[in-house]
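Data file: data_27.pdb. Format and content: PDB, C-alpha atoms.
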ATOM      1  CA  MET A   1      40.943  30.757  70.966
ATOM      2  CA  PRO A   2      38.958  32.598  68.307
ATOM      3  CA  PRO A   3      35.903  34.531  69.498
ATOM      4  CA  ALA A   4      32.519  32.838  69.582
ATOM      5  CA  ARG A   5      31.105  34.618  66.562
ATOM      6  CA  GLY A   6      31.894  33.038  63.212
ATOM      7  CA  HIS A   7      32.679  29.368  62.760
ATOM      8  CA  HIS A   8      34.778  26.982  60.724
ATOM      9  CA  ALA A   9      33.741  26.353  57.143
ATOM     10  CA  ARG A  10      32.198  23.047  56.264
ATOM     11  CA  GLY A  11      32.637  20.367  53.618
ATOM     12  CA  ASP A  12      34.178  21.259  50.274
ATOM     13  CA  SER A  13      34.616  24.914  51.061
ATOM     14  CA  GLY A  14      37.690  24.243  53.207
ATOM     15  CA  PRO A  15      38.527  25.591  56.657
ATOM     16  CA  SER A  16      38.170  29.112  57.968
ATOM     17  CA  THR A  17      41.109  29.548  60.346
ATOM     18  CA  TRP A  18      41.855  32.169  62.962
ATOM     19  CA  ASP A  19      44.686  34.532  62.006
ATOM     20  CA  ALA A  20      46.212  35.275  65.399
ATOM     21  CA  ALA A  21      48.534  37.974  64.057
ATOM     22  CA  ARG A  22      45.666  39.988  62.588
ATOM     23  CA  GLY A  23      42.947  38.944  65.017
ATOM     24  CA  ARG A  24      40.498  37.898  62.359
ATOM     25  CA  HIS A  25      39.281  34.946  60.345
ATOM     26  CA  ARG A  26      41.199  34.095  57.231
ATOM     27  CA  ILE A  27      39.358  31.997  54.654
ATOM     28  CA  THR A  28      42.180  29.772  53.459
ATOM     29  CA  THR A  29      40.448  27.808  50.715
ATOM     30  CA  ILE A  30      37.158  28.122  48.901
ATOM     31  CA  ALA A  31      36.833  25.354  46.343
ATOM     32  CA  ARG A  32      34.043  24.643  43.869
ATOM     33  CA  ILE A  33      31.890  27.587  44.945
ATOM     34  CA  ASP A  34      29.988  29.428  42.257
ATOM     35  CA  LEU A  35      29.052  32.716  43.903
ATOM     36  CA  HIS A  36      26.594  34.984  42.118
ATOM     37  CA  LEU A  37      27.393  38.666  42.070
ATOM     38  CA  ARG A  38      23.751  39.316  42.864
ATOM     39  CA  LYS A  39      24.215  37.673  46.248
ATOM     40  CA  LEU A  40      27.395  39.650  46.862
ATOM     41  CA  ARG A  41      25.496  42.847  46.152
ATOM     42  CA  TYR A  42      22.765  41.801  48.574
ATOM     43  CA  PHE A  43      25.389  41.036  51.201
ATOM     44  CA  LEU A  44      27.019  44.435  50.774
ATOM     45  CA  VAL A  45      23.716  46.240  51.240
ATOM     46  CA  VAL A  46      22.929  44.305  54.428
ATOM     47  CA  ALA A  47      26.466  44.953  55.695
ATOM     48  CA  GLU A  48      26.009  48.667  55.082
ATOM     49  CA  GLU A  49      22.556  48.903  56.663
ATOM     50  CA  LEU A  50      22.947  46.242  59.403
ATOM     51  CA  HIS A  51      19.172  46.086  59.244
ATOM     52  CA  PHE A  52      17.380  43.517  57.081
ATOM     53  CA  SER A  53      14.201  45.520  56.634
ATOM     54  CA  ARG A  54      15.987  48.640  55.366
ATOM     55  CA  ALA A  55      18.335  46.566  53.211
ATOM     56  CA  ALA A  56      15.383  44.704  51.673
ATOM     57  CA  ALA A  57      13.768  47.985  50.705
ATOM     58  CA  ARG A  58      16.972  49.095  48.967
ATOM     59  CA  VAL A  59      17.187  45.945  46.824
ATOM     60  CA  PHE A  60      13.425  45.646  46.228
ATOM     61  CA  LEU A  61      13.012  42.290  47.981
ATOM     62  CA  THR A  62      10.926  41.181  50.881
ATOM     63  CA  GLN A  63      12.788  40.816  54.147
ATOM     64  CA  GLN A  64      12.226  37.048  54.070
ATOM     65  CA  ALA A  65      13.605  36.749  50.537
ATOM     66  CA  LEU A  66      16.687  38.776  51.404
ATOM     67  CA  SER A  67      17.307  36.705  54.556
ATOM     68  CA  ARG A  68      17.098  33.574  52.427
ATOM     69  CA  GLN A  69      19.653  34.945  49.948
ATOM     70  CA  ILE A  70      22.087  35.778  52.753
ATOM     71  CA  LYS A  71      21.590  32.344  54.337
ATOM     72  CA  GLU A  72      22.326  30.691  50.974
ATOM     73  CA  LEU A  73      25.479  32.785  50.647
ATOM     74  CA  GLU A  74      26.637  31.767  54.104
ATOM     75  CA  ASP A  75      25.942  28.110  53.317
ATOM     76  CA  GLU A  76      27.899  28.326  50.069
ATOM     77  CA  LEU A  77      30.829  29.935  51.849
ATOM     78  CA  GLY A  78      30.572  27.790  54.919
ATOM     79  CA  VAL A  79      31.064  30.956  56.952
ATOM     80  CA  GLN A  80      28.703  32.867  59.204
ATOM     81  CA  LEU A  81      28.717  36.466  58.017
ATOM     82  CA  PHE A  82      26.264  38.070  60.425
ATOM     83  CA  ASP A  83      25.358  37.770  64.080
ATOM     84  CA  ARG A  84      21.589  38.188  64.335
ATOM     85  CA  THR A  85      19.546  38.854  67.459
ATOM     86  CA  THR A  86      16.036  40.191  67.875
ATOM     87  CA  ARG A  87      17.474  43.636  68.492
ATOM     88  CA  ARG A  88      20.476  44.000  66.226
ATOM     89  CA  VAL A  89      22.436  42.689  63.269
ATOM     90  CA  SER A  90      26.236  42.848  63.194
ATOM     91  CA  LEU A  91      29.037  41.491  61.055
ATOM     92  CA  THR A  92      31.091  38.628  62.373
ATOM     93  CA  VAL A  93      34.851  38.962  62.113
ATOM     94  CA  ALA A  94      34.732  36.742  59.018
ATOM     95  CA  GLY A  95      31.911  38.940  57.711
ATOM     96  CA  GLU A  96      34.041  42.051  58.117
ATOM     97  CA  VAL A  97      36.852  40.473  56.118
ATOM     98  CA  PHE A  98      34.444  39.270  53.457
ATOM     99  CA  TYR A  99      32.819  42.718  53.286
ATOM    100  CA  GLU A 100      36.103  44.462  52.450
ATOM    101  CA  ALA A 101      37.001  41.845  49.844
ATOM    102  CA  SER A 102      33.523  41.877  48.280
ATOM    103  CA  LYS A 103      33.586  45.641  47.795
ATOM    104  CA  GLY A 104      36.723  45.263  45.713
ATOM    105  CA  VAL A 105      35.254  42.379  43.694
ATOM    106  CA  ILE A 106      32.098  44.315  42.818
ATOM    107  CA  ALA A 107      33.998  47.498  41.994
ATOM    108  CA  SER A 108      36.418  45.622  39.739
ATOM    109  CA  PHE A 109      33.589  43.837  37.970
ATOM    110  CA  ASP A 110      31.664  47.065  37.384
ATOM    111  CA  ASP A 111      34.798  48.735  36.047
ATOM    112  CA  ALA A 112      35.422  45.793  33.710
ATOM    113  CA  VAL A 113      31.858  45.953  32.379
ATOM    114  CA  ALA A 114      32.136  49.696  31.780
ATOM    115  CA  ALA A 115      35.479  49.280  30.018
ATOM    116  CA  ALA A 116      34.141  46.506  27.796
ATOM    117  CA  ARG A 117      31.139  48.576  26.810
ATOM    118  CA  ARG A 118      33.321  51.576  26.010
ATOM    119  CA  THR A 119      35.578  49.401  23.863
ATOM    120  CA  THR A 120      32.784  47.833  21.852
ATOM    121  CA  ARG A 121      30.877  51.083  21.367
ATOM    122  CA  ALA A 122      32.453  52.922  18.424
ATOM    123  CA  LEU A 123      33.024  56.601  18.944
ATOM    124  CA  SER A 124      30.909  58.521  16.487
ATOM    125  CA  GLY A 125      28.551  61.467  16.386
ATOM    126  CA  LYS A 126      29.200  65.151  17.009
ATOM    127  CA  LEU A 127      31.368  66.884  19.589
ATOM    128  CA  ARG A 128      30.474  70.523  20.239
ATOM    129  CA  LEU A 129      33.713  72.341  21.021
ATOM    130  CA  GLY A 130      33.530  75.901  22.287
ATOM    131  CA  PHE A 131      36.459  78.251  22.552
ATOM    132  CA  ILE A 132      37.357  81.781  23.507
ATOM    133  CA  PRO A 133      39.322  83.951  21.067
ATOM    134  CA  ALA A 134      42.644  82.245  20.283
ATOM    135  CA  ALA A 135      41.554  79.108  22.189
ATOM    136  CA  ALA A 136      44.607  77.116  23.246
ATOM    137  CA  LEU A 137      46.773  78.944  20.709
ATOM    138  CA  GLU A 138      49.307  76.756  18.878
ATOM    139  CA  LEU A 139      48.136  73.684  20.782
ATOM    140  CA  THR A 140      44.633  73.893  19.318
ATOM    141  CA  PRO A 141      45.282  72.611  15.772
ATOM    142  CA  LEU A 142      47.525  69.856  17.143
ATOM    143  CA  ILE A 143      44.798  68.689  19.528
ATOM    144  CA  ILE A 144      42.074  68.791  16.871
ATOM    145  CA  ALA A 145      44.237  66.921  14.373
ATOM    146  CA  ALA A 146      45.169  64.213  16.886
ATOM    147  CA  PHE A 147      41.548  63.745  17.954
ATOM    148  CA  GLN A 148      40.221  63.523  14.403
ATOM    149  CA  GLU A 149      42.950  61.110  13.408
ATOM    150  CA  ALA A 150      41.948  58.838  16.295
ATOM    151  CA  HIS A 151      38.193  59.278  15.709
ATOM    152  CA  PRO A 152      37.544  60.009  12.032
ATOM    153  CA  GLU A 153      33.826  59.262  12.432
ATOM    154  CA  VAL A 154      33.363  62.109  14.907
ATOM    155  CA  GLU A 155      32.315  65.526  13.632
ATOM    156  CA  VAL A 156      33.953  68.295  15.669
ATOM    157  CA  GLU A 157      31.721  71.367  15.597
ATOM    158  CA  MET A 158      33.870  74.351  16.634
ATOM    159  CA  ARG A 159      32.334  77.627  17.763
ATOM    160  CA  GLU A 160      34.018  80.775  19.028
ATOM    161  CA  PHE A 161      32.229  82.657  21.809
ATOM    162  CA  PRO A 162      32.421  86.390  22.507
ATOM    163  CA  ALA A 163      33.940  87.969  25.592
ATOM    164  CA  ILE A 164      30.520  88.201  27.235
ATOM    165  CA  ASP A 165      30.567  84.392  27.693
ATOM    166  CA  PRO A 166      33.934  83.336  29.143
ATOM    167  CA  SER A 167      32.554  79.797  29.600
ATOM    168  CA  ALA A 168      32.478  79.388  25.789
ATOM    169  CA  GLY A 169      28.997  77.895  25.855
ATOM    170  CA  LEU A 170      29.383  75.585  28.841
ATOM    171  CA  ILE A 171      27.170  77.666  31.116
ATOM    172  CA  THR A 172      24.233  77.464  28.694
ATOM    173  CA  GLY A 173      24.867  73.885  27.596
ATOM    174  CA  ALA A 174      25.607  75.005  24.044
ATOM    175  CA  THR A 175      28.915  73.125  24.073
ATOM    176  CA  ASP A 176      30.146  69.763  25.356
ATOM    177  CA  VAL A 177      33.747  70.772  25.964
ATOM    178  CA  ALA A 178      35.593  74.062  25.662
ATOM    179  CA  PHE A 179      38.917  75.858  25.782
ATOM    180  CA  ILE A 180      38.471  78.641  28.339
ATOM    181  CA  ARG A 181      40.437  80.844  30.711
ATOM    182  CA  LEU A 182      40.418  80.802  34.494
ATOM    183  CA  PRO A 183      39.593  82.314  36.864
ATOM    184  CA  GLN A 184      35.853  82.452  36.238
ATOM    185  CA  ALA A 185      32.682  81.601  38.145
ATOM    186  CA  THR A 186      31.103  79.085  35.774
ATOM    187  CA  PRO A 187      29.481  76.480  38.045
ATOM    188  CA  ARG A 188      29.637  72.690  37.801
ATOM    189  CA  ILE A 189      32.552  72.299  35.424
ATOM    190  CA  GLU A 190      35.740  70.260  35.568
ATOM    191  CA  THR A 191      38.986  71.426  34.039
ATOM    192  CA  GLU A 192      42.424  70.275  32.968
ATOM    193  CA  THR A 193      45.168  72.883  32.631
ATOM    194  CA  MET A 194      46.815  73.300  29.238
ATOM    195  CA  PHE A 195      49.231  76.109  30.145
ATOM    196  CA  LEU A 196      49.577  79.378  32.082
ATOM    197  CA  ASP A 197      49.330  82.451  29.864
ATOM    198  CA  PRO A 198      51.085  85.628  31.109
ATOM    199  CA  VAL A 199      48.968  88.788  31.419
ATOM    200  CA  ILE A 200      50.077  91.916  29.575
ATOM    201  CA  ALA A 201      48.916  95.470  28.926
ATOM    202  CA  MET A 202      47.900  96.421  25.395
ATOM    203  CA  VAL A 203      48.415 100.147  24.787
ATOM    204  CA  ALA A 204      48.423 102.573  21.897
ATOM    205  CA  ALA A 205      51.792 103.188  20.257
ATOM    206  CA  GLY A 206      51.696 106.804  21.391
ATOM    207  CA  HIS A 207      50.832 106.015  25.008
ATOM    208  CA  PRO A 208      53.519 106.825  27.643
ATOM    209  CA  LEU A 209      53.595 103.147  28.650
ATOM    210  CA  ALA A 210      54.370 101.981  25.098
ATOM    211  CA  ALA A 211      58.107 102.497  25.493
ATOM    212  CA  ARG A 212      58.283 100.660  28.804
ATOM    213  CA  THR A 213      59.673  97.148  29.165
ATOM    214  CA  SER A 214      57.125  96.382  31.905
ATOM    215  CA  VAL A 215      54.511  98.078  34.073
ATOM    216  CA  PRO A 216      53.427  97.482  37.692
ATOM    217  CA  VAL A 217      49.754  96.931  38.523
ATOM    218  CA  ALA A 218      49.668  99.930  40.879
ATOM    219  CA  GLU A 219      50.485 102.215  37.966
ATOM    220  CA  LEU A 220      48.276 100.415  35.463
ATOM    221  CA  VAL A 221      45.057 100.683  37.510
ATOM    222  CA  ARG A 222      45.168 104.481  37.199
ATOM    223  CA  GLU A 223      44.464 104.110  33.471
ATOM    224  CA  THR A 224      41.070 103.720  31.799
ATOM    225  CA  LEU A 225      40.876  99.968  31.311
ATOM    226  CA  THR A 226      38.687  97.951  28.982
ATOM    227  CA  LEU A 227      36.577  95.251  30.602
ATOM    228  CA  SER A 228      34.545  92.426  29.126
ATOM    229  CA  ASP A 229      30.826  93.130  29.538
ATOM    230  CA  THR A 230      30.081  89.747  31.138
ATOM    231  CA  PRO A 231      27.956  88.900  34.190
ATOM    232  CA  ASP A 232      30.809  86.710  35.519
ATOM    233  CA  GLU A 233      32.103  88.766  38.464
ATOM    234  CA  VAL A 234      35.099  86.495  39.105
ATOM    235  CA  TYR A 235      36.247  86.869  35.515
ATOM    236  CA  LYS A 236      35.764  90.653  35.595
ATOM    237  CA  ALA A 237      37.624  90.994  38.886
ATOM    238  CA  PHE A 238      40.701  89.292  37.454
ATOM    239  CA  TRP A 239      40.892  91.302  34.228
ATOM    240  CA  SER A 240      40.027  94.630  35.873
ATOM    241  CA  LEU A 241      42.834  94.148  38.416
ATOM    242  CA  ALA A 242      40.152  94.534  41.113
ATOM    243  CA  ALA A 243      42.422  93.438  43.954
ATOM    244  CA  ALA A 244      44.698  96.433  43.284
ATOM    245  CA  ARG A 245      42.044  99.085  42.626
ATOM    246  CA  ASP A 246      41.440 101.955  45.062
ATOM    247  CA  ALA A 247      40.031 105.475  45.031
ATOM    248  CA  THR A 248      42.725 106.597  42.561
ATOM    249  CA  ALA A 249      41.872 103.907  40.000
ATOM    250  CA  GLY A 250      40.734 104.922  36.537
ATOM    251  CA  ARG A 251      37.381 104.029  35.042
ATOM    252  CA  LEU A 252      36.420 100.735  33.404
ATOM    253  CA  LEU A 253      35.187 100.755  29.813
ATOM    254  CA  PRO A 254      32.921  97.769  28.911
ATOM    255  CA  VAL A 255      33.597  95.931  25.623
ATOM    256  CA  VAL A 256      31.813  93.041  23.959
ATOM    257  CA  SER A 257      34.537  91.700  21.661
ATOM    258  CA  VAL A 258      38.290  91.463  21.208
ATOM    259  CA  THR A 259      38.161  93.560  18.034
ATOM    260  CA  GLU A 260      36.252  96.327  19.822
ATOM    261  CA  GLU A 261      38.807  96.253  22.620
ATOM    262  CA  ALA A 262      41.729  96.446  20.212
ATOM    263  CA  SER A 263      40.143  99.325  18.318
ATOM    264  CA  LEU A 264      39.632 101.330  21.506
ATOM    265  CA  VAL A 265      43.261 100.728  22.469
ATOM    266  CA  ALA A 266      44.617 101.628  19.036
ATOM    267  CA  ASN A 267      42.715 104.915  19.153
ATOM    268  CA  GLY A 268      44.067 105.773  22.597
ATOM    269  CA  ALA A 269      40.676 105.557  24.334
ATOM    270  CA  ALA A 270      41.751 102.891  26.836
ATOM    271  CA  VAL A 271      44.359 100.379  27.913
ATOM    272  CA  ALA A 272      43.541  96.665  27.793
ATOM    273  CA  VAL A 273      44.648  94.094  30.326
ATOM    274  CA  THR A 274      44.834  90.969  28.213
ATOM    275  CA  SER A 275      46.745  87.755  27.710
ATOM    276  CA  SER A 276      50.119  87.458  26.051
ATOM    277  CA  ALA A 277      48.300  85.566  23.319
ATOM    278  CA  ALA A 278      47.105  88.961  22.062
ATOM    279  CA  GLN A 279      50.570  89.492  20.625
ATOM    280  CA  SER A 280      49.792  86.725  18.146
ATOM    281  CA  PHE A 281      46.149  87.267  17.259
ATOM    282  CA  VAL A 282      45.679  91.052  17.712
ATOM    283  CA  THR A 283      47.856  92.628  15.031
ATOM    284  CA  LEU A 284      46.339  96.110  14.618
ATOM    285  CA  PRO A 285      48.924  98.735  13.675
ATOM    286  CA  GLY A 286      49.580 101.305  16.352
ATOM    287  CA  VAL A 287      49.254  98.836  19.251
ATOM    288  CA  ARG A 288      52.026  97.853  21.645
ATOM    289  CA  HIS A 289      52.185  95.069  24.261
ATOM    290  CA  VAL A 290      53.809  95.613  27.654
ATOM    291  CA  PRO A 291      54.359  92.853  30.249
ATOM    292  CA  ILE A 292      52.718  93.395  33.652
ATOM    293  CA  GLU A 293      55.215  92.920  36.452
ATOM    294  CA  ASP A 294      53.104  91.698  39.344
ATOM    295  CA  TRP A 295      49.889  90.037  38.210
ATOM    296  CA  PRO A 296      49.364  86.258  37.999
ATOM    297  CA  PRO A 297      48.942  84.512  34.652
ATOM    298  CA  SER A 298      45.632  83.420  33.202
ATOM    299  CA  GLU A 299      45.105  79.656  33.203
ATOM    300  CA  VAL A 300      44.113  78.197  29.837
ATOM    301  CA  VAL A 301      42.174  74.980  30.376
ATOM    302  CA  VAL A 302      40.064  72.422  28.609
ATOM    303  CA  ALA A 303      36.754  72.311  30.479
ATOM    304  CA  TRP A 304      33.685  70.085  30.485
ATOM    305  CA  HIS A 305      30.473  69.613  32.444
ATOM    306  CA  GLU A 306      30.859  68.146  35.932
ATOM    307  CA  GLY A 307      29.940  64.455  35.980
ATOM    308  CA  GLU A 308      30.015  64.231  32.165
ATOM    309  CA  ARG A 309      29.932  60.570  31.077
ATOM    310  CA  SER A 310      30.261  60.998  27.329
ATOM    311  CA  ALA A 311      32.998  58.865  25.806
ATOM    312  CA  LEU A 312      33.510  61.592  23.200
ATOM    313  CA  VAL A 313      34.259  64.222  25.818
ATOM    314  CA  ALA A 314      36.501  61.882  27.791
ATOM    315  CA  SER A 315      38.473  61.020  24.680
ATOM    316  CA  PHE A 316      38.845  64.657  23.672
ATOM    317  CA  VAL A 317      40.130  65.651  27.116
ATOM    318  CA  ARG A 318      42.542  62.719  27.101
ATOM    319  CA  THR A 319      43.804  63.722  23.642
ATOM    320  CA  ALA A 320      44.278  67.334  24.716
ATOM    321  CA  CYS A 321      46.366  66.231  27.696
ATOM    322  CA  GLU A 322      48.435  63.853  25.584
ATOM    323  CA  VAL A 323      49.220  66.589  23.043
ATOM    324  CA  ARG A 324      50.106  69.022  25.849
ATOM    325  CA  ASP A 325      52.449  66.482  27.438
ATOM    326  CA  ALA A 326      54.046  65.670  24.078
ATOM    327  CA  GLN A 327      54.853  69.350  23.424
ATOM    328  CA  PRO A 328      56.844  70.581  26.455
ATOM    329  CA  ASP A 329      58.899  73.043  24.403
ATOM    330  CA  LEU A 330      55.770  74.612  22.899
ATOM    331  CA  VAL A 331      54.127  74.862  26.314
ATOM    332  CA  ARG A 332      57.226  76.590  27.711
ATOM    333  CA  LEU A 333      57.155  79.026  24.770
ATOM    334  CA  LEU A 334      53.487  79.853  25.420
ATOM    335  CA  GLU A 335      54.151  80.399  29.104
ATOM    336  CA  ARG A 336      57.111  82.738  28.480
ATOM    337  CA  ARG A 337      55.750  84.749  25.588
ATOM    338  CA  ALA A 338      55.320  87.986  27.554
TER     339      ALA A 338
END

Now, as a test, write the supplied structure out as structure tokens.
Amino acid sequence: MPPARGHHARGDSGPSTWDAARGRHRITTIARIDLHLRKLRYFLVVAEELHFSRAAARVFLTQQALSRQIKELEDELGVQLFDRTTRRVSLTVAGEVFYEASKGVIASFDDAVAAARRTTRALSGKLRLGFIPAAALELTPLIIAAFQEAHPEVEVEMREFPAIDPSAGLITGATDVAFIRLPQATPRIETETMFLDPVIAMVAAGHPLAARTSVPVAELVRETLTLSDTPDEVYKAFWSLAAARDATAGRLLPVVSVTEEASLVANGAAVAVTSSAAQSFVTLPGVRHVPIEDWPPSEVVVAWHEGERSALVASFVRTACEVRDAQPDLVRLLERRA
């Protein structure tokens, strides 16, 4: 015997039978019922609140009007969805089943509407792309070319940011999307990894470390090291090798740009802890690059604002990931360059 709550459907809606194996009602047939999504949304709110007064306030109806909508829904289904007493409201077993199914229906419909709107809305306008020096290296032109081929109406405004802003404009809102390096403390961003870039030491050609094939962190921290003059403490900690520094560590020399850093290194004033990408874009004579033995790589990512709903940004991120995935050999080369 099924429990007392809930009842068989009536008329054209077909029977609601008890599923003994699952211990719940199973609506076997619903014919010629034209349910409005508005009523489903009302039902979901009442099912969540289990209180008609609170639910009515959420959907901006009077309690009487909301009760009438739910009663109409139950009549159309031929199924009692709620048990109501003067003290409480609860879902019937059939109501519980209908609640789970209705959530999926509404979610699917909302997704379909969003997809249709994205499809019919042509991508155009301007995308503000920020990047740190060297950006995503050899992947960058491939990503830009693929994106512009797919969206020729979009103007990509590219802007390089100095070392003082490792977020490449995201933290100030100056950019919509950016190629940056992690770790850093920029709040409220989302990221997708492009590749892991090994960390190396950049030294003057006459420095004792220049002839080495590699250098351990414990030895490197005793040198005077350059350090980006940024307020981002997480970023500074990584590039200053903070986790390995002690009382014997050398001093830190603030710099505001890659060219300033390279000049200081070339003149023997400091050693720079930098990415292996420096071997490609810092070509000053008198500079050597030495792999660091025991320090993790920097993570090069494409980043955007948390919760960003722009179709332009979403498309750019998707394109960047597609190019990355289509170039496994190039990614391996970038990750083994040190």

- request: Choose the residue, out of A:Glu308, A:Asp229, A:Glu138, A:Asp246, that has the smallest atom-to-atom separation from Arg188 in chain A; count only C-alpha atoms.
  value: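 When distances to Arg188 in chain A are compared using only C-alpha atoms, the smallest one comes from A:Glu308.
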
- request: Give me the result of the PyMOL selection byres ((chain A and resi 82) around 12) on this file, residue by residue, as JSON, numbers by chain.
  value: {"A": [5, 6, 7, 43, 44, 46, 47, 48, 50, 51, 52, 67, 70, 71, 73, 74, 79, 80, 81, 83, 84, 85, 88, 89, 90, 91, 92, 93, 94, 95, 96, 97, 98, 99]}

Produce a file of the selected residues containing C-alpha atoms, as an mmCIF file, in the frame of the given file.
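Result file follows (part_28.cif):
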data_model
loop_
_atom_site.group_PDB
_atom_site.id
_atom_site.type_symbol
_atom_site.label_atom_id
_atom_site.label_comp_id
_atom_site.auth_asym_id
_atom_site.auth_seq_id
_atom_site.Cartn_x
_atom_site.Cartn_y
_atom_site.Cartn_z
ATOM 1 C CA ARG A 5 31.105 34.618 66.562
ATOM 2 C CA GLY A 6 31.894 33.038 63.212
ATOM 3 C CA HIS A 7 32.679 29.368 62.760
ATOM 4 C CA PHE A 43 25.389 41.036 51.201
ATOM 5 C CA LEU A 44 27.019 44.435 50.774
ATOM 6 C CA VAL A 46 22.929 44.305 54.428
ATOM 7 C CA ALA A 47 26.466 44.953 55.695
ATOM 8 C CA GLU A 48 26.009 48.667 55.082
ATOM 9 C CA LEU A 50 22.947 46.242 59.403
ATOM 10 C CA HIS A 51 19.172 46.086 59.244
ATOM 11 C CA PHE A 52 17.380 43.517 57.081
ATOM 12 C CA SER A 67 17.307 36.705 54.556
ATOM 13 C CA ILE A 70 22.087 35.778 52.753
ATOM 14 C CA LYS A 71 21.590 32.344 54.337
ATOM 15 C CA LEU A 73 25.479 32.785 50.647
ATOM 16 C CA GLU A 74 26.637 31.767 54.104
ATOM 17 C CA VAL A 79 31.064 30.956 56.952
ATOM 18 C CA GLN A 80 28.703 32.867 59.204
ATOM 19 C CA LEU A 81 28.717 36.466 58.017
ATOM 20 C CA ASP A 83 25.358 37.770 64.080
ATOM 21 C CA ARG A 84 21.589 38.188 64.335
ATOM 22 C CA THR A 85 19.546 38.854 67.459
ATOM 23 C CA ARG A 88 20.476 44.000 66.226
ATOM 24 C CA VAL A 89 22.436 42.689 63.269
ATOM 25 C CA SER A 90 26.236 42.848 63.194
ATOM 26 C CA LEU A 91 29.037 41.491 61.055
ATOM 27 C CA THR A 92 31.091 38.628 62.373
ATOM 28 C CA VAL A 93 34.851 38.962 62.113
ATOM 29 C CA ALA A 94 34.732 36.742 59.018
ATOM 30 C CA GLY A 95 31.911 38.940 57.711
ATOM 31 C CA GLU A 96 34.041 42.051 58.117
ATOM 32 C CA VAL A 97 36.852 40.473 56.118
ATOM 33 C CA PHE A 98 34.444 39.270 53.457
ATOM 34 C CA TYR A 99 32.819 42.718 53.286
#

message: Can you tell me which residues surround range 248-250 of chain A at a distance of at most 7 Å, considering all atoms listed in the file, apart from same-chain residues fewer than 6 positions away, and format the answer as a VMD selection string?
response: chain A and resid 221 to 224

- request: May I have the residues within 7 Å of Pro162 in chain A as a list in words, using only C-alpha atoms and disregarding those fewer than 3 positions away in the same chain?
  value: Ile132, Asp165, Val256 and Ser257 of chain A

- request: Pick out the closest residue to Phe179 in chain A from this set: A:Ala272, A:Val59, A:Leu225, A:Val317. Count all atoms listed in the file.
  value: A:Val317

query: By how many Å are CA of Ser276 in chain A and CA of Val234 in chain A apart?
result: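 CA of Val234 in chain A lies 19.9 Å from CA of Ser276 in chain A.
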
- line: If you count all atoms listed in the file, the residue of A:Ala134, A:Leu334, A:Ile106, A:Ile189 closest to Asp176 in chain A turns out to be A:Ile189

message: For Ser53 in chain A, find every residue with an atom within 8 Å (counting all atoms listed in the file), except residues of its own chain fewer than 2 positions away, and show them as a PyMOL selection string.
response: chain A and resi 51+55-57+62-63

field: Counting only C-alpha atoms, the option among A:Gly206, A:Lys236, A:Val217, A:Ala146 closest to Gln184 in chain A
entry: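 Residue with the minimum atom-to-atom distance to Gln184 in chain A: A:Lys236.
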
task: Work out how far apart CA of Val265 in chain A and CA of Thr226 in chain A are and give it in Å to one decimal.
output: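 A separation of 8.4 Å between them.
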
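Residue nearest Thr259 in chain A, chosen from A:Val215, A:Ala326, A:Met194, A:Ala278 and counting all atoms listed in the file: A:Ala278.
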
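Rounded to one decimal, CA of Lys39 in chain A and CA of Gln69 in chain A lie 6.5 Å from each other.
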
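If all atoms listed in the file are the atoms counted, then among A:Leu37, A:Leu139, A:Leu170, A:Ile164 the closest residue to Thr319 in chain A is A:Leu139.
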
- prompt: Taking the file as shown, what set of residues would the PyMOL selection byres ((chain A and resi 174) around 12) give back, as a ChimeraX atom specification?
  reply: /A:127-131,157-161,165,167-173,175-178,304-305

message: For the PyMOL selection byres ((chain A and resi 330) around 12), applied here, can you spell out every residue it catches as a list of chain:residue names?
response: A:Ala136, A:Leu137, A:Glu138, A:Leu139, A:Thr140, A:Leu142, A:Met194, A:Phe195, A:Val323, A:Arg324, A:Asp325, A:Ala326, A:Gln327, A:Pro328, A:Asp329, A:Val331, A:Arg332, A:Leu333, A:Leu334, A:Glu335, A:Arg336, A:Arg337

Mind writing the picked residues with C-alpha atoms as a compact mmCIF listing (two decimals), in the coordinates of the input?
# COMPACT_ATOMS: atom_id res chain seq x y z
CA ALA A 136 44.61 77.12 23.25
CA LEU A 137 46.77 78.94 20.71
CA GLU A 138 49.31 76.76 18.88
CA LEU A 139 48.14 73.68 20.78
CA THR A 140 44.63 73.89 19.32
CA LEU A 142 47.52 69.86 17.14
CA MET A 194 46.82 73.30 29.24
CA PHE A 195 49.23 76.11 30.14
CA VAL A 323 49.22 66.59 23.04
CA ARG A 324 50.11 69.02 25.85
CA ASP A 325 52.45 66.48 27.44
CA ALA A 326 54.05 65.67 24.08
CA GLN A 327 54.85 69.35 23.42
CA PRO A 328 56.84 70.58 26.46
CA ASP A 329 58.90 73.04 24.40
CA VAL A 331 54.13 74.86 26.31
CA ARG A 332 57.23 76.59 27.71
CA LEU A 333 57.16 79.03 24.77
CA LEU A 334 53.49 79.85 25.42
CA GLU A 335 54.15 80.40 29.10
CA ARG A 336 57.11 82.74 28.48
CA ARG A 337 55.75 84.75 25.59

task: Show me as an NGL selection string the residues that reach within 12 Å of (43.4, 101.5, 28.9), counting only C-alpha atoms and using the file's own coordinates.
output: :A and (200-204 or 207-210 or 219-227 or 239-240 or 249-255 or 261-274 or 287-289)

Around all listed atoms of range 220-228 of chain A, padded 4 Å per side, what centre and edge lengths does the axis-aligned box have in Å to one decimal, as AutoDock Vina command-line options?
--center_x 41.4 --center_y 98.5 --center_z 33.2 --size_x 21.7 --size_y 20.1 --size_z 16.5
